[in-house]
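Participant: File follows, input.cif with mmCIF, C-alpha atoms:
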```cif
data_run
#
loop_
_atom_site.group_PDB
_atom_site.id
_atom_site.type_symbol
_atom_site.label_atom_id
_atom_site.label_comp_id
_atom_site.auth_asym_id
_atom_site.auth_seq_id
_atom_site.Cartn_x
_atom_site.Cartn_y
_atom_site.Cartn_z
ATOM 1 C CA MET A 33 0.000 0.000 0.000
ATOM 2 C CA LYS A 34 1.163 3.555 -0.645
ATOM 3 C CA ILE A 35 -0.106 7.100 -0.388
ATOM 4 C CA GLU A 36 -1.442 7.939 -3.862
ATOM 5 C CA HIS A 37 -1.848 11.688 -3.434
ATOM 6 C CA LEU A 38 -2.308 14.555 -0.995
ATOM 7 C CA ALA A 39 -4.648 17.462 -1.716
ATOM 8 C CA VAL A 40 -4.142 21.129 -0.828
ATOM 9 C CA TRP A 41 -6.528 24.063 -1.213
ATOM 10 C CA VAL A 42 -4.901 27.111 -2.846
ATOM 11 C CA LYS A 43 -5.983 30.607 -3.884
ATOM 12 C CA ASP A 44 -3.740 30.928 -6.938
ATOM 13 C CA LEU A 45 -3.759 27.632 -8.803
ATOM 14 C CA GLU A 46 -1.428 28.711 -11.615
ATOM 15 C CA LYS A 47 1.195 30.328 -9.368
ATOM 16 C CA THR A 48 1.248 27.278 -7.091
ATOM 17 C CA LYS A 49 1.555 24.895 -10.035
ATOM 18 C CA GLU A 50 4.461 26.901 -11.447
ATOM 19 C CA PHE A 51 6.200 26.948 -8.031
ATOM 20 C CA TYR A 52 6.188 23.147 -7.693
ATOM 21 C CA GLN A 53 7.208 22.726 -11.326
ATOM 22 C CA LYS A 54 10.140 25.150 -11.074
ATOM 23 C CA TYR A 55 11.592 24.180 -7.694
ATOM 24 C CA PHE A 56 10.546 20.543 -7.199
ATOM 25 C CA GLY A 57 10.323 19.160 -10.745
ATOM 26 C CA ALA A 58 6.559 18.577 -10.745
ATOM 27 C CA VAL A 59 4.811 17.495 -13.920
ATOM 28 C CA SER A 60 1.198 18.627 -14.187
ATOM 29 C CA ASN A 61 -1.825 17.102 -15.849
ATOM 30 C CA GLU A 62 -4.367 19.243 -17.701
ATOM 31 C CA LYS A 63 -6.493 21.475 -15.493
ATOM 32 C CA TYR A 64 -9.737 19.917 -14.284
ATOM 33 C CA HIS A 65 -12.683 22.312 -14.068
ATOM 34 C CA ASN A 66 -16.119 21.614 -12.626
ATOM 35 C CA PRO A 67 -18.237 24.698 -13.405
ATOM 36 C CA VAL A 68 -21.184 23.480 -11.332
ATOM 37 C CA LYS A 69 -19.098 23.436 -8.126
ATOM 38 C CA ASN A 70 -16.798 26.294 -9.229
ATOM 39 C CA PHE A 71 -13.877 23.907 -8.610
ATOM 40 C CA GLU A 72 -10.539 23.630 -10.435
ATOM 41 C CA SER A 73 -7.546 21.395 -9.811
ATOM 42 C CA TYR A 74 -4.262 19.998 -11.082
ATOM 43 C CA PHE A 75 -2.495 16.785 -10.155
ATOM 44 C CA LEU A 76 1.260 17.296 -9.819
ATOM 45 C CA SER A 77 3.478 14.247 -10.230
ATOM 46 C CA PHE A 78 7.063 13.945 -9.039
ATOM 47 C CA GLU A 79 9.918 11.627 -9.960
ATOM 48 C CA THR A 80 9.051 9.396 -6.999
ATOM 49 C CA GLY A 81 6.519 9.459 -4.182
ATOM 50 C CA CYS A 82 2.887 10.434 -4.135
ATOM 51 C CA ARG A 83 1.194 13.067 -6.253
ATOM 52 C CA LEU A 84 0.049 16.456 -4.998
ATOM 53 C CA GLU A 85 -3.418 17.680 -5.950
ATOM 54 C CA ILE A 86 -3.766 21.452 -5.817
ATOM 55 C CA MET A 87 -7.347 22.665 -5.794
ATOM 56 C CA THR A 88 -9.179 25.959 -5.733
ATOM 57 C CA ARG A 89 -12.672 27.147 -5.037
ATOM 58 C CA PRO A 90 -13.612 30.726 -4.064
ATOM 59 C CA ASP A 91 -15.124 29.856 -0.667
ATOM 60 C CA ILE A 92 -12.032 28.264 0.958
ATOM 61 C CA LYS A 93 -10.506 29.974 4.034
ATOM 62 C CA GLU A 94 -6.914 31.204 4.098
ATOM 63 C CA ASN A 95 -3.960 29.266 5.601
ATOM 64 C CA THR A 96 -1.866 31.089 8.213
ATOM 65 C CA GLY A 97 1.413 29.291 7.386
ATOM 66 C CA SER A 98 2.494 28.869 11.001
ATOM 67 C CA TYR A 99 3.232 25.710 12.962
ATOM 68 C CA ASP A 100 1.777 27.418 16.038
ATOM 69 C CA SER A 101 -1.570 28.332 14.484
ATOM 70 C CA GLN A 102 -2.361 25.037 12.764
ATOM 71 C CA GLN A 103 -5.188 22.804 13.884
ATOM 72 C CA PHE A 104 -5.217 19.004 13.774
ATOM 73 C CA GLY A 105 -4.469 17.577 10.369
ATOM 74 C CA ILE A 106 -1.621 17.727 7.898
ATOM 75 C CA ILE A 107 0.936 20.328 8.982
ATOM 76 C CA HIS A 108 3.624 20.088 6.290
ATOM 77 C CA MET A 109 4.973 18.143 3.342
ATOM 78 C CA ALA A 110 8.609 17.198 2.817
ATOM 79 C CA PHE A 111 10.624 16.827 -0.368
ATOM 80 C CA ALA A 112 13.816 14.762 -0.260
ATOM 81 C CA VAL A 113 16.922 15.807 -2.161
ATOM 82 C CA GLU A 114 20.135 13.848 -2.546
ATOM 83 C CA THR A 115 22.564 15.795 -0.336
ATOM 84 C CA LYS A 116 22.920 18.473 2.328
ATOM 85 C CA GLU A 117 24.441 20.692 -0.354
ATOM 86 C CA LYS A 118 21.235 20.352 -2.417
ATOM 87 C CA VAL A 119 19.195 21.392 0.631
ATOM 88 C CA ASN A 120 21.395 24.480 0.959
ATOM 89 C CA GLU A 121 21.315 25.276 -2.787
ATOM 90 C CA LEU A 122 17.535 24.994 -3.125
ATOM 91 C CA THR A 123 17.013 26.988 0.065
ATOM 92 C CA GLU A 124 19.232 29.793 -1.236
ATOM 93 C CA LEU A 125 17.494 29.789 -4.639
ATOM 94 C CA LEU A 126 14.096 30.085 -2.935
ATOM 95 C CA ARG A 127 15.425 32.883 -0.688
ATOM 96 C CA LYS A 128 16.846 34.728 -3.715
ATOM 97 C CA ASP A 129 13.502 34.391 -5.474
ATOM 98 C CA GLY A 130 11.707 35.993 -2.524
ATOM 99 C CA TYR A 131 10.153 33.018 -0.735
ATOM 100 C CA THR A 132 9.983 32.847 3.058
ATOM 101 C CA ILE A 133 12.580 30.659 4.736
ATOM 102 C CA ALA A 134 10.763 29.569 7.895
ATOM 103 C CA GLY A 135 13.633 27.410 9.153
ATOM 104 C CA GLU A 136 17.286 27.660 8.177
ATOM 105 C CA PRO A 137 19.157 24.507 7.113
ATOM 106 C CA ARG A 138 20.071 22.399 10.136
ATOM 107 C CA THR A 139 20.301 18.848 11.405
ATOM 108 C CA THR A 140 17.164 17.966 13.336
ATOM 109 C CA GLY A 141 16.896 15.858 16.472
ATOM 110 C CA ASP A 142 15.545 12.961 14.409
ATOM 111 C CA GLY A 143 18.532 13.044 12.059
ATOM 112 C CA TYR A 144 17.290 14.910 8.994
ATOM 113 C CA TYR A 145 19.237 17.752 7.466
ATOM 114 C CA GLU A 146 16.459 20.137 6.493
ATOM 115 C CA SER A 147 15.272 23.617 5.797
ATOM 116 C CA VAL A 148 11.684 24.821 6.010
ATOM 117 C CA ILE A 149 10.128 27.159 3.463
ATOM 118 C CA LEU A 150 6.654 28.503 2.739
ATOM 119 C CA ASP A 151 5.173 27.949 -0.701
ATOM 120 C CA PRO A 152 3.194 30.741 -2.440
ATOM 121 C CA GLU A 153 0.120 29.808 -0.371
ATOM 122 C CA ASP A 154 2.031 29.729 2.955
ATOM 123 C CA ASN A 155 1.959 25.934 3.102
ATOM 124 C CA ILE A 156 4.902 24.603 5.105
ATOM 125 C CA VAL A 157 7.393 22.644 2.983
ATOM 126 C CA GLU A 158 10.472 20.872 4.304
ATOM 127 C CA ILE A 159 13.460 20.195 2.076
ATOM 128 C CA VAL A 160 15.297 17.209 3.552
ATOM 129 C CA ALA A 161 18.392 15.117 2.933
#
```
Step by step, read the file and then write its structure as structure tokens.
Facilitator:
Amino acid sequence: MKIEHLAVWVKDLEKTKEFYQKYFGAVSNEKYHNPVKNFESYFLSFETGCRLEIMTRPDIKENTGSYDSQQFGIIHMAFAVETKEKVNELTELLRKDGYTIAGEPRTTGDGYYESVILDPEDNIVEIVA
């Protein structure tokens, strides 16, 4: 058994799709649109692991992007890269491009080398090696 996909509500579907394509190598399907429910989505596939479904609908509430303000449920997603140097490089590229670095690269208590960034929708994303 495996996790097939995770789904995330977003305000800006196109900007979020482009973010995951540019920085994490996502490949997108064609946009799905249900005009009756005013719902749109993309499935983003990665080299390995589960897919990410990004979805939008005008009545969804905003995410605060903070570990401290989250309720029960999924708090973050993590993308694995090959080396600590790749963690550092991707973190610096995201910083240069204006994204929030919520946690500087470090070795965690459970042994990961990671940084924490916020995607365009303030979803928490870990980059781990």
Participant: What is the distance between atom CA of A:Asn70 and atom CA of A:Val42, in Å to one decimal?
Facilitator: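 Separation of atom CA of A:Asn70 and atom CA of A:Val42: 13.5 Å.
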Participant: Would you translate the PyMOL selection byres ((chain A and resi 130-132) around 12) into the concrete set of residues it matches in this file, as a PyMOL selection string?
Facilitator: chain A and resi 51+55+97-98+122-129+133-136+147-157
Participant: Between A:Ile92, A:Val119, A:Leu84, A:Ala161, single out the one closest to A:Ile35, counting only C-alpha atoms.
Facilitator: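 Distance minimum relative to A:Ile35 lands on A:Leu84.
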Participant: Report the distance between atom CA of A:Leu45 and atom CA of A:Thr80 in Å, rounded to one decimal place.
Facilitator: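 Going from atom CA of A:Leu45 over to atom CA of A:Thr80, I get 22.4 Å.
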Participant: Any chance you could resolve the PyMOL selection byres ((chain A and resi 43) around 10) against this file and give the residues as a PyMOL selection string?
Facilitator: chain A and resi 41-42+44-48+86-95+152-153
Participant: Give the answer as one residue: which of A:Glu79, A:Glu36, A:Glu158, A:Glu146 has the shortest atom-to-atom distance to A:Glu117, using only C-alpha atoms?
Facilitator: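 Smallest separation from A:Glu117 among the options: A:Glu146.
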Participant: What is the atom CA of A:Thr115 to atom CA of A:Thr139 distance in Å?
Facilitator: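 Those two atoms sit 12.3 Å apart.
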Participant: What does the PyMOL selection byres ((chain A and resi 112) around 7) select in this file, as a list of chain:residue names?
Facilitator: A:Ala110, A:Phe111, A:Val113, A:Glu114, A:Ile159, A:Val160, A:Ala161
